[in-house]
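Next comes protein36.csv, a file with CSV, C-alpha atoms.
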```csv
chain,number,residue,atom,x,y,z
I,226,MET,CA,145.7,111.2,108.7
I,227,LEU,CA,142.0,111.7,109.3
I,228,LYS,CA,140.6,115.2,108.9
I,229,ILE,CA,137.8,115.7,111.3
I,230,GLN,CA,135.3,118.6,111.0
I,231,ILE,CA,133.6,119.6,114.3
I,232,PRO,CA,130.9,122.3,114.5
I,233,ALA,CA,130.6,125.1,117.0
I,234,THR,CA,127.7,124.8,119.4
I,235,SER,CA,125.5,127.2,121.3
I,236,ALA,CA,124.1,125.9,124.6
I,237,ASN,CA,121.2,126.7,127.0
I,238,LEU,CA,119.3,128.7,124.3
I,239,GLY,CA,117.9,130.9,127.1
I,240,ALA,CA,115.8,128.8,129.4
I,241,GLY,CA,117.2,125.4,128.5
I,242,PHE,CA,120.0,125.6,131.1
I,243,ASP,CA,122.3,122.6,130.7
I,244,SER,CA,119.8,120.8,128.6
I,245,LEU,CA,119.4,122.5,125.2
I,246,GLY,CA,122.1,123.0,122.6
I,247,LEU,CA,122.4,123.4,118.8
I,248,ALA,CA,125.2,123.1,116.3
I,249,VAL,CA,126.1,125.9,113.9
I,250,ASN,CA,128.2,126.1,110.7
I,251,LEU,CA,131.5,127.4,112.2
I,252,TYR,CA,134.0,124.6,112.3
I,253,ASN,CA,137.2,123.5,113.9
I,254,TYR,CA,139.3,121.0,111.9
I,255,VAL,CA,141.6,118.4,113.4
I,256,TRP,CA,143.9,116.1,111.6
I,257,ILE,CA,144.6,113.0,113.7
I,258,GLY,CA,146.6,109.9,113.1
I,259,LYS,CA,148.9,107.3,114.6
I,260,SER,CA,152.5,108.1,115.5
I,261,ASP,CA,155.3,106.7,117.6
I,262,GLN,CA,155.5,110.0,119.4
I,263,LEU,CA,153.3,112.8,120.4
I,264,GLU,CA,153.3,115.5,117.7
I,265,ILE,CA,150.8,118.4,118.2
I,266,SER,CA,150.8,121.5,116.1
I,267,SER,CA,148.5,124.4,115.2
I,268,VAL,CA,148.0,125.2,111.5
I,269,ASP,CA,146.6,128.7,112.0
I,270,GLY,CA,149.0,130.2,114.6
I,271,ILE,CA,146.6,129.9,117.5
I,272,GLU,CA,148.5,128.5,120.5
I,273,VAL,CA,147.4,125.1,121.7
I,274,PRO,CA,149.0,122.8,124.3
I,275,THR,CA,151.5,120.5,122.7
I,276,ASP,CA,151.8,118.0,125.5
I,277,GLU,CA,149.5,115.3,127.0
I,278,SER,CA,147.3,118.1,128.5
I,279,ASN,CA,146.0,118.8,125.0
I,280,LEU,CA,142.3,118.2,125.1
I,281,VAL,CA,142.1,116.5,121.7
I,282,PHE,CA,144.9,114.1,122.8
I,283,SER,CA,143.6,113.4,126.3
I,284,SER,CA,140.2,112.7,125.0
I,285,ALA,CA,141.6,110.3,122.4
I,286,LYS,CA,143.7,108.6,125.0
I,287,HIS,CA,140.7,108.2,127.3
I,288,LEU,CA,139.0,106.2,124.5
I,289,PHE,CA,142.1,104.1,124.0
I,290,ASP,CA,142.2,103.4,127.8
I,291,LEU,CA,138.6,102.3,127.8
I,292,CYS,CA,139.5,99.8,125.1
I,293,GLY,CA,142.6,98.7,127.0
I,294,LYS,CA,144.8,99.9,124.2
I,295,PRO,CA,148.1,101.7,124.9
I,296,LEU,CA,148.5,105.2,123.4
I,297,THR,CA,151.9,106.8,123.8
I,298,GLY,CA,152.0,108.9,120.6
I,299,MET,CA,149.7,110.5,118.1
I,300,LYS,CA,150.0,113.1,115.4
I,301,ILE,CA,147.5,116.0,115.8
I,302,ARG,CA,147.1,119.2,113.8
I,303,GLN,CA,144.5,121.7,114.8
I,304,GLU,CA,142.7,124.6,113.0
I,305,ASN,CA,140.7,126.5,115.5
I,306,ASN,CA,138.1,128.7,114.0
I,307,ILE,CA,135.8,128.5,117.0
I,308,PRO,CA,136.7,131.4,119.4
I,309,MET,CA,138.1,130.0,122.6
I,310,THR,CA,136.3,130.5,125.9
I,311,ARG,CA,133.5,132.5,124.4
I,312,GLY,CA,130.5,130.3,124.9
I,313,LEU,CA,130.6,128.6,121.5
I,314,GLY,CA,131.8,125.1,122.5
I,315,SER,CA,135.5,125.3,121.8
I,316,SER,CA,136.4,122.8,124.5
I,317,SER,CA,133.6,120.4,123.4
I,318,ALA,CA,134.9,120.6,119.8
I,319,CYS,CA,138.3,119.4,121.1
I,320,ILE,CA,136.7,116.6,123.1
I,321,ILE,CA,134.6,115.4,120.2
I,322,ALA,CA,137.5,115.6,117.8
I,323,GLY,CA,139.6,113.4,120.0
I,324,LEU,CA,136.9,110.8,120.7
I,325,TYR,CA,135.6,110.7,117.1
I,326,GLY,CA,139.0,110.4,115.6
I,327,ALA,CA,140.2,107.8,118.1
I,328,ASN,CA,137.0,105.7,117.6
I,329,LEU,CA,137.7,105.6,113.9
I,330,ILE,CA,141.3,104.7,114.3
I,331,LEU,CA,140.3,101.8,116.7
I,332,GLY,CA,137.7,100.5,114.2
I,333,SER,CA,134.6,102.1,115.7
I,334,PRO,CA,134.2,100.0,118.9
I,335,PHE,CA,131.8,102.6,120.4
I,336,ASN,CA,128.4,103.5,118.9
I,337,THR,CA,126.9,107.0,118.9
I,338,ASP,CA,125.1,106.7,122.2
I,339,GLU,CA,128.3,105.5,123.9
I,340,LEU,CA,130.3,108.4,122.4
I,341,VAL,CA,127.7,110.8,123.7
I,342,ASP,CA,128.0,109.4,127.2
I,343,ILE,CA,131.8,109.4,127.2
I,344,ALA,CA,131.9,113.0,125.9
I,345,ALA,CA,129.5,114.2,128.6
I,346,LYS,CA,131.5,112.5,131.3
I,347,ILE,CA,134.6,114.3,130.2
I,348,GLU,CA,132.9,117.7,129.8
I,349,GLY,CA,130.7,117.3,132.8
I,350,HIS,CA,127.5,118.1,131.0
I,351,PRO,CA,126.0,117.2,127.5
I,352,ASP,CA,124.6,120.5,126.2
I,353,ASN,CA,127.6,121.3,124.0
I,354,THR,CA,129.2,117.9,123.4
I,355,THR,CA,126.0,116.2,122.2
I,356,PRO,CA,125.1,118.7,119.4
I,357,ALA,CA,128.8,119.0,118.5
I,358,LEU,CA,128.7,115.2,117.7
I,359,LEU,CA,125.2,114.9,116.4
I,360,GLY,CA,124.3,118.3,114.8
I,361,GLY,CA,120.9,119.9,114.8
I,362,ILE,CA,119.2,121.1,118.0
I,363,VAL,CA,119.5,118.6,120.8
I,364,THR,CA,117.6,118.2,124.1
I,365,SER,CA,119.6,116.1,126.6
I,366,VAL,CA,119.4,114.9,130.2
I,367,TYR,CA,122.5,113.7,132.0
I,368,GLU,CA,121.6,111.0,134.6
I,369,GLU,CA,123.6,110.3,137.7
I,370,ASN,CA,124.6,107.0,136.1
I,371,ARG,CA,126.5,109.0,133.6
I,372,ARG,CA,124.1,108.2,130.8
I,373,VAL,CA,122.8,110.9,128.5
I,374,HIS,CA,119.2,110.7,127.2
I,375,TRP,CA,118.9,112.8,124.1
I,376,VAL,CA,116.7,113.7,121.2
I,377,LYS,CA,118.0,115.4,118.1
I,378,GLN,CA,115.8,117.5,115.9
I,379,GLU,CA,116.9,118.8,112.5
I,380,ILE,CA,115.9,122.4,111.6
I,381,TYR,CA,115.4,123.4,108.0
I,382,ARG,CA,113.9,126.8,108.6
I,383,HIS,CA,114.8,130.2,107.1
I,384,LEU,CA,116.8,131.4,110.1
I,385,ASP,CA,120.1,133.1,110.6
I,386,PHE,CA,122.0,132.9,113.9
I,387,PHE,CA,124.2,135.9,114.6
I,388,ALA,CA,126.9,135.3,117.2
I,389,ILE,CA,128.0,138.6,118.7
I,390,VAL,CA,131.4,137.8,120.2
I,391,PRO,CA,133.0,140.1,122.8
I,392,ASP,CA,136.8,140.6,122.8
I,393,PHE,CA,137.3,139.0,126.2
I,394,GLU,CA,137.1,135.5,127.5
I,395,LEU,CA,134.7,134.1,130.1
I,396,SER,CA,135.4,130.7,131.5
I,397,THR,CA,132.5,128.3,132.2
I,398,THR,CA,133.9,127.7,135.7
I,399,PHE,CA,133.9,131.4,136.5
I,400,ALA,CA,130.5,131.9,135.0
I,401,ARG,CA,129.0,129.1,137.1
I,402,GLN,CA,130.4,130.6,140.3
I,403,CYS,CA,128.1,133.6,140.0
I,404,LEU,CA,125.0,131.4,140.0
I,405,PRO,CA,122.9,130.8,143.2
I,406,GLU,CA,123.1,127.3,144.7
I,407,GLN,CA,119.3,127.2,145.1
I,408,VAL,CA,116.4,128.6,143.1
I,409,SER,CA,112.7,129.0,143.9
I,410,HIS,CA,110.0,126.7,142.7
I,411,MET,CA,108.5,129.6,140.8
I,412,ASP,CA,111.7,130.3,138.9
I,413,ALA,CA,112.2,126.6,138.0
I,414,ARG,CA,108.6,126.5,136.7
I,415,TYR,CA,109.2,129.6,134.7
I,416,ASN,CA,112.2,128.0,132.9
I,417,LEU,CA,110.6,124.6,132.4
I,418,ALA,CA,107.7,126.2,130.4
I,419,ARG,CA,110.0,128.3,128.3
I,420,ALA,CA,112.5,125.6,127.5
I,421,ALA,CA,109.6,123.4,126.3
I,422,LEU,CA,108.2,126.2,124.2
I,423,PHE,CA,111.5,127.0,122.5
I,424,SER,CA,112.2,123.8,120.5
I,425,ALA,CA,108.5,123.3,119.7
I,426,SER,CA,108.2,126.9,118.4
I,427,LEU,CA,111.4,126.6,116.3
I,428,LEU,CA,110.3,123.4,114.7
I,429,GLN,CA,106.8,124.6,113.9
I,430,GLY,CA,107.9,128.1,112.7
I,431,LYS,CA,106.0,129.9,115.5
I,432,TYR,CA,108.8,132.5,115.7
I,433,GLU,CA,106.7,135.0,117.6
I,434,ASN,CA,107.2,132.7,120.6
I,435,ILE,CA,111.0,132.8,120.6
I,436,ARG,CA,111.4,136.1,122.4
I,437,ILE,CA,109.4,134.6,125.4
I,438,ALA,CA,111.1,131.2,125.1
I,439,VAL,CA,114.6,132.5,125.5
I,440,THR,CA,114.0,134.4,128.7
I,441,ASP,CA,115.1,132.7,131.9
I,442,LYS,CA,115.7,133.2,135.6
I,443,LEU,CA,118.3,130.5,136.3
I,444,HIS,CA,121.5,131.9,134.8
I,445,GLN,CA,121.2,134.8,132.4
I,446,PRO,CA,120.3,137.5,135.0
I,447,TYR,CA,123.5,136.7,136.9
I,448,ARG,CA,125.7,136.3,133.8
I,449,MET,CA,124.5,139.5,132.2
I,450,LYS,CA,126.5,141.4,134.9
I,451,LEU,CA,129.7,139.8,133.7
I,452,ILE,CA,129.2,141.1,130.1
I,453,PRO,CA,129.4,144.9,129.8
I,454,HIS,CA,126.7,146.3,127.5
I,455,ALA,CA,125.0,143.0,127.2
I,456,GLN,CA,121.6,144.5,128.0
I,457,ASP,CA,122.2,147.3,125.5
I,458,VAL,CA,122.9,144.8,122.8
I,459,PHE,CA,119.9,142.7,123.7
I,460,ASP,CA,117.6,145.8,123.4
I,461,LYS,CA,119.2,146.8,120.1
I,462,THR,CA,118.8,143.4,118.5
I,463,TYR,CA,115.1,143.3,119.4
I,464,ALA,CA,114.6,146.9,118.1
I,465,LEU,CA,116.1,145.5,114.8
I,466,GLY,CA,113.6,142.7,114.6
I,467,ALA,CA,115.4,139.7,116.2
I,468,TYR,CA,113.1,136.8,117.1
I,469,GLY,CA,115.2,136.1,120.2
I,470,THR,CA,118.6,136.9,121.8
I,471,TYR,CA,120.3,134.9,124.5
I,472,ILE,CA,123.6,134.3,126.2
I,473,SER,CA,125.3,131.5,124.3
I,474,GLY,CA,126.5,128.9,126.8
I,475,ALA,CA,128.3,130.5,129.7
I,476,GLY,CA,128.9,133.6,127.6
I,477,PRO,CA,130.2,136.1,126.8
I,478,THR,CA,128.9,135.5,123.3
I,479,LEU,CA,125.3,136.8,122.6
I,480,MET,CA,123.3,134.9,120.0
I,481,SER,CA,120.5,136.4,118.0
I,482,ILE,CA,118.0,134.4,116.0
I,483,VAL,CA,116.9,136.4,113.0
I,484,SER,CA,114.9,135.9,109.8
I,485,THR,CA,117.0,135.4,106.7
I,486,GLN,CA,114.9,138.2,105.2
I,487,ASN,CA,116.2,140.7,107.8
I,488,TYR,CA,118.9,141.9,105.4
I,489,GLY,CA,120.2,144.9,107.4
I,490,PHE,CA,120.5,143.3,110.8
I,491,GLU,CA,124.2,142.6,110.8
I,492,GLN,CA,125.2,146.0,109.4
I,493,GLU,CA,123.1,147.8,112.0
I,494,VAL,CA,124.4,145.7,114.9
I,495,ARG,CA,127.9,146.4,113.7
I,496,ARG,CA,127.2,150.1,113.5
I,497,TYR,CA,125.7,150.1,117.0
I,498,LEU,CA,128.7,148.2,118.5
I,499,ASP,CA,131.1,150.7,117.0
I,500,GLU,CA,129.0,153.5,118.5
I,501,LEU,CA,129.4,151.9,121.9
I,502,GLY,CA,133.1,151.7,121.5
I,503,LEU,CA,133.0,147.9,121.0
I,504,SER,CA,134.7,147.8,117.6
I,505,ALA,CA,136.8,144.8,118.7
I,506,TRP,CA,133.6,142.7,119.1
I,507,LYS,CA,133.0,140.3,116.2
I,508,ILE,CA,129.8,139.2,114.5
I,509,PHE,CA,129.5,135.8,112.9
I,510,LYS,CA,126.5,135.1,110.6
I,511,LEU,CA,125.7,131.4,111.1
I,512,SER,CA,123.1,128.8,110.4
I,513,ILE,CA,122.2,125.4,112.0
I,514,ASP,CA,124.5,122.5,111.1
I,515,ASN,CA,122.3,119.4,111.0
I,516,LEU,CA,125.1,116.9,110.3
I,517,GLY,CA,127.4,117.3,113.3
I,518,THR,CA,131.0,115.9,113.4
I,519,ARG,CA,132.2,114.1,110.3
I,520,VAL,CA,135.3,113.2,108.3
I,521,ALA,CA,136.0,116.3,106.2
I,522,LEU,CA,137.0,116.0,102.5
I,523,GLU,CA,140.4,117.3,101.7
```

Structure encoded using structure tokens:
Amino acid sequence: MLKIQIPATSANLGAGFDSLGLAVNLYNYVWIGKSDQLEISSVDGIEVPTDESNLVFSSAKHLFDLCGKPLTGMKIRQENNIPMTRGLGSSSACIIAGLYGANLILGSPFNTDELVDIAAKIEGHPDNTTPALLGGIVTSVYEENRRVHWVKQEIYRHLDFFAIVPDFELSTTFARQCLPEQVSHMDARYNLARAALFSASLLQGKYENIRIAVTDKLHQPYRMKLIPHAQDVFDKTYALGAYGTYISGAGPTLMSIVSTQNYGFEQEVRRYLDELGLSAWKIFKLSIDNLGTRVALE
């Protein structure tokens, strides 16, 4: 069986709604191989679908269908370290695992660009699936012809990413329902400028720009209302010296970008969460994964 390692992802990065995303070093592992019947199991006790609705299997089957190859069975084992429905790309990790594993089993009939397109079609947008596959920070545009235009940039800066993960789920579908159907020209311009500023500032080390670059008017003001104490946590992270804090994906995870030299940040945020009665919230100290999905070594 192939053992596939897939990174968690953080999308939007503030102003880059549905267009910016990055991969981080928190991984799901999926063992995948041929079988005469469908065998799906979880190695860590986390419940996963064991029928054809399983997203790893359905994604793999989709690739087989595109090749005109029958797929009636497959052996899949999953280790889910990425928190589910928390804004860290858990569903994208499943999609990429299925596509990547199936592509290898079939002899790699699809190249990277084609896998990016197929994954975005399944997910509906490319901001999580593309960095999950490629790694790094990715800017992507999903055209109506179902083609993704993307640019990957590798980041080798002294930065920590702290994922502050609430103890409740927030589905992407529900989080999208709270957004307005139309936005003003002024708000669109506001976001365009900041999205462009973000990746350039991160690449060039102009960290003083990040606090401005992660602000937005298209989704965060609406989703903040769905995350109790989000504004309190935002304010505290900035008081503790964070370069920028934003809602990761659709939420509810809040992501802070911090200097690796800010040694007391995690401890102070933990203390603050406990003071607010949020002891069940978790904190993950992460860094950017520049490699993306790959075959893991046993």

Legend entry - From I:Ser283, I:Gln402, I:Thr518, I:Asn237, residue lying nearest Tyr325 of chain I [only C-alpha atoms]: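 Smallest separation from Tyr325 of chain I among the options: I:Thr518.
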
Legend entry - Between atom CA of Ala357 of chain I and atom CA of Asn515 of chain I, distance in Å (one decimal):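 These two atoms are separated by 9.9 Å.
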
Inset, instruction - Take atom CA of Asp338 of chain I and atom CA of Val373 of chain I and report the distance between them in Å, one decimal. - result: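 Computing it gives 7.9 Å between the two atoms.
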
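Remark: for Asp385 of chain I, the closest of the candidate residues I:Ile435, I:Ala233, I:Ile482, I:Ala505 is I:Ile482 (distances computed over all atoms listed in the file).
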
Inset, instruction - Would you work out the distance separating atom CA of Val390 of chain I from atom CA of Trp506 of chain I, expressed in Å to one decimal? - result: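 So the answer is 5.5 Å.
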
Within 12 Å of segment 466-474 of chain I, which residues of segment 361-423 of chain I come that close, and what is the closest atom pair and distance in Å for each? Count all atoms listed in the file and give it as CSV.
```
residue,atom,partner,partner_atom,distance
I:Leu384,CA,I:Tyr468,CA,9.6
I:Asp385,CA,I:Ala467,CA,9.8
I:Phe386,CA,I:Thr470,CA,9.5
I:Phe387,CA,I:Thr470,CA,9.2
I:Ala388,CA,I:Ser473,CA,8.2
I:Ile389,CA,I:Ser473,CA,9.4
I:Val390,CA,I:Ser473,CA,9.7
I:Pro391,CA,I:Ile472,CA,11.6
I:Leu395,CA,I:Gly474,CA,10.3
I:Ser396,CA,I:Gly474,CA,10.2
I:Thr397,CA,I:Gly474,CA,8.1
I:Thr398,CA,I:Gly474,CA,11.6
I:Ala400,CA,I:Gly474,CA,9.6
I:Arg401,CA,I:Gly474,CA,10.6
I:Phe423,CA,I:Gly469,CA,10.1
```

Legend entry - Selected residue of minimal separation from Thr364 of chain I among I:Glu264, I:Asp243, I:Asp441, I:Asp460, counting all atoms listed in the file: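 Of I:Glu264, I:Asp243, I:Asp441, I:Asp460, the one nearest Thr364 of chain I, counting all atoms listed in the file, is I:Asp243.
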
Inset, instruction - Counting only C-alpha atoms, figure out which residue out of I:Val273, I:Met309, I:Leu465, I:Leu359 gets nearest to Asp514 of chain I. - result: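 Counting only C-alpha atoms, the residue closest to Asp514 of chain I is I:Leu359.
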
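Considering all atoms listed in the file, the residue among I:Pro334, I:Gly246, I:Gly314, I:Pro351 positioned nearest to Gly293 of chain I is I:Pro334.
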
Inset, instruction - Pick out the closest residue to Thr275 of chain I from this set: I:Val458, I:Ile301, I:Cys292, I:Met449. Count all atoms listed in the file. - result: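 Of I:Val458, I:Ile301, I:Cys292, I:Met449, the one nearest Thr275 of chain I, counting all atoms listed in the file, is I:Ile301.
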
Inset, instruction - Write out as a VMD selection string each polymer residue whose atoms come within 7 Å of Pro356 of chain I, counting all atoms listed in the file; drop sequence neighbours fewer than 5 positions from it. - result: chain I and resid 234 246 to 248 361 to 363 517

Which protein, DNA or RNA residues have an atom at most 12 Å from (123.9, 119.0, 132.7), counting only C-alpha atoms? List them as a PDB file with C-alpha atoms, keeping the file's coordinate frame.
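Final output, saved to part_19.pdb:
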```pdb
ATOM      1  CA  ALA I 236     124.100 125.900 124.600  1.00  0.00           C
ATOM      2  CA  ASN I 237     121.200 126.700 127.000  1.00  0.00           C
ATOM      3  CA  GLY I 241     117.200 125.400 128.500  1.00  0.00           C
ATOM      4  CA  PHE I 242     120.000 125.600 131.100  1.00  0.00           C
ATOM      5  CA  ASP I 243     122.300 122.600 130.700  1.00  0.00           C
ATOM      6  CA  SER I 244     119.800 120.800 128.600  1.00  0.00           C
ATOM      7  CA  LEU I 245     119.400 122.500 125.200  1.00  0.00           C
ATOM      8  CA  GLY I 246     122.100 123.000 122.600  1.00  0.00           C
ATOM      9  CA  ASP I 342     128.000 109.400 127.200  1.00  0.00           C
ATOM     10  CA  ALA I 345     129.500 114.200 128.600  1.00  0.00           C
ATOM     11  CA  LYS I 346     131.500 112.500 131.300  1.00  0.00           C
ATOM     12  CA  ILE I 347     134.600 114.300 130.200  1.00  0.00           C
ATOM     13  CA  GLU I 348     132.900 117.700 129.800  1.00  0.00           C
ATOM     14  CA  GLY I 349     130.700 117.300 132.800  1.00  0.00           C
ATOM     15  CA  HIS I 350     127.500 118.100 131.000  1.00  0.00           C
ATOM     16  CA  PRO I 351     126.000 117.200 127.500  1.00  0.00           C
ATOM     17  CA  ASP I 352     124.600 120.500 126.200  1.00  0.00           C
ATOM     18  CA  ASN I 353     127.600 121.300 124.000  1.00  0.00           C
ATOM     19  CA  THR I 354     129.200 117.900 123.400  1.00  0.00           C
ATOM     20  CA  THR I 355     126.000 116.200 122.200  1.00  0.00           C
ATOM     21  CA  THR I 364     117.600 118.200 124.100  1.00  0.00           C
ATOM     22  CA  SER I 365     119.600 116.100 126.600  1.00  0.00           C
ATOM     23  CA  VAL I 366     119.400 114.900 130.200  1.00  0.00           C
ATOM     24  CA  TYR I 367     122.500 113.700 132.000  1.00  0.00           C
ATOM     25  CA  GLU I 368     121.600 111.000 134.600  1.00  0.00           C
ATOM     26  CA  GLU I 369     123.600 110.300 137.700  1.00  0.00           C
ATOM     27  CA  ARG I 371     126.500 109.000 133.600  1.00  0.00           C
ATOM     28  CA  ARG I 372     124.100 108.200 130.800  1.00  0.00           C
ATOM     29  CA  VAL I 373     122.800 110.900 128.500  1.00  0.00           C
ATOM     30  CA  HIS I 374     119.200 110.700 127.200  1.00  0.00           C
ATOM     31  CA  TRP I 375     118.900 112.800 124.100  1.00  0.00           C
ATOM     32  CA  GLY I 474     126.500 128.900 126.800  1.00  0.00           C
TER      33      GLY I 474
END
```

Inset, instruction - For Gln492 of chain I, please output as a PyMOL selection string all residues within 12 Å (counting all atoms listed in the file; exclusion window: fewer than 5 positions along the same chain). - result: chain I and resi 387+462+465+487+497-499+507-510

Inset, instruction - Might you pull out every residue within 7 Å of Gly312 of chain I, with only C-alpha atoms counted and same-chain residues fewer than 4 positions away left off, and present them as a PyMOL selection string? - result: chain I and resi 235+473-478
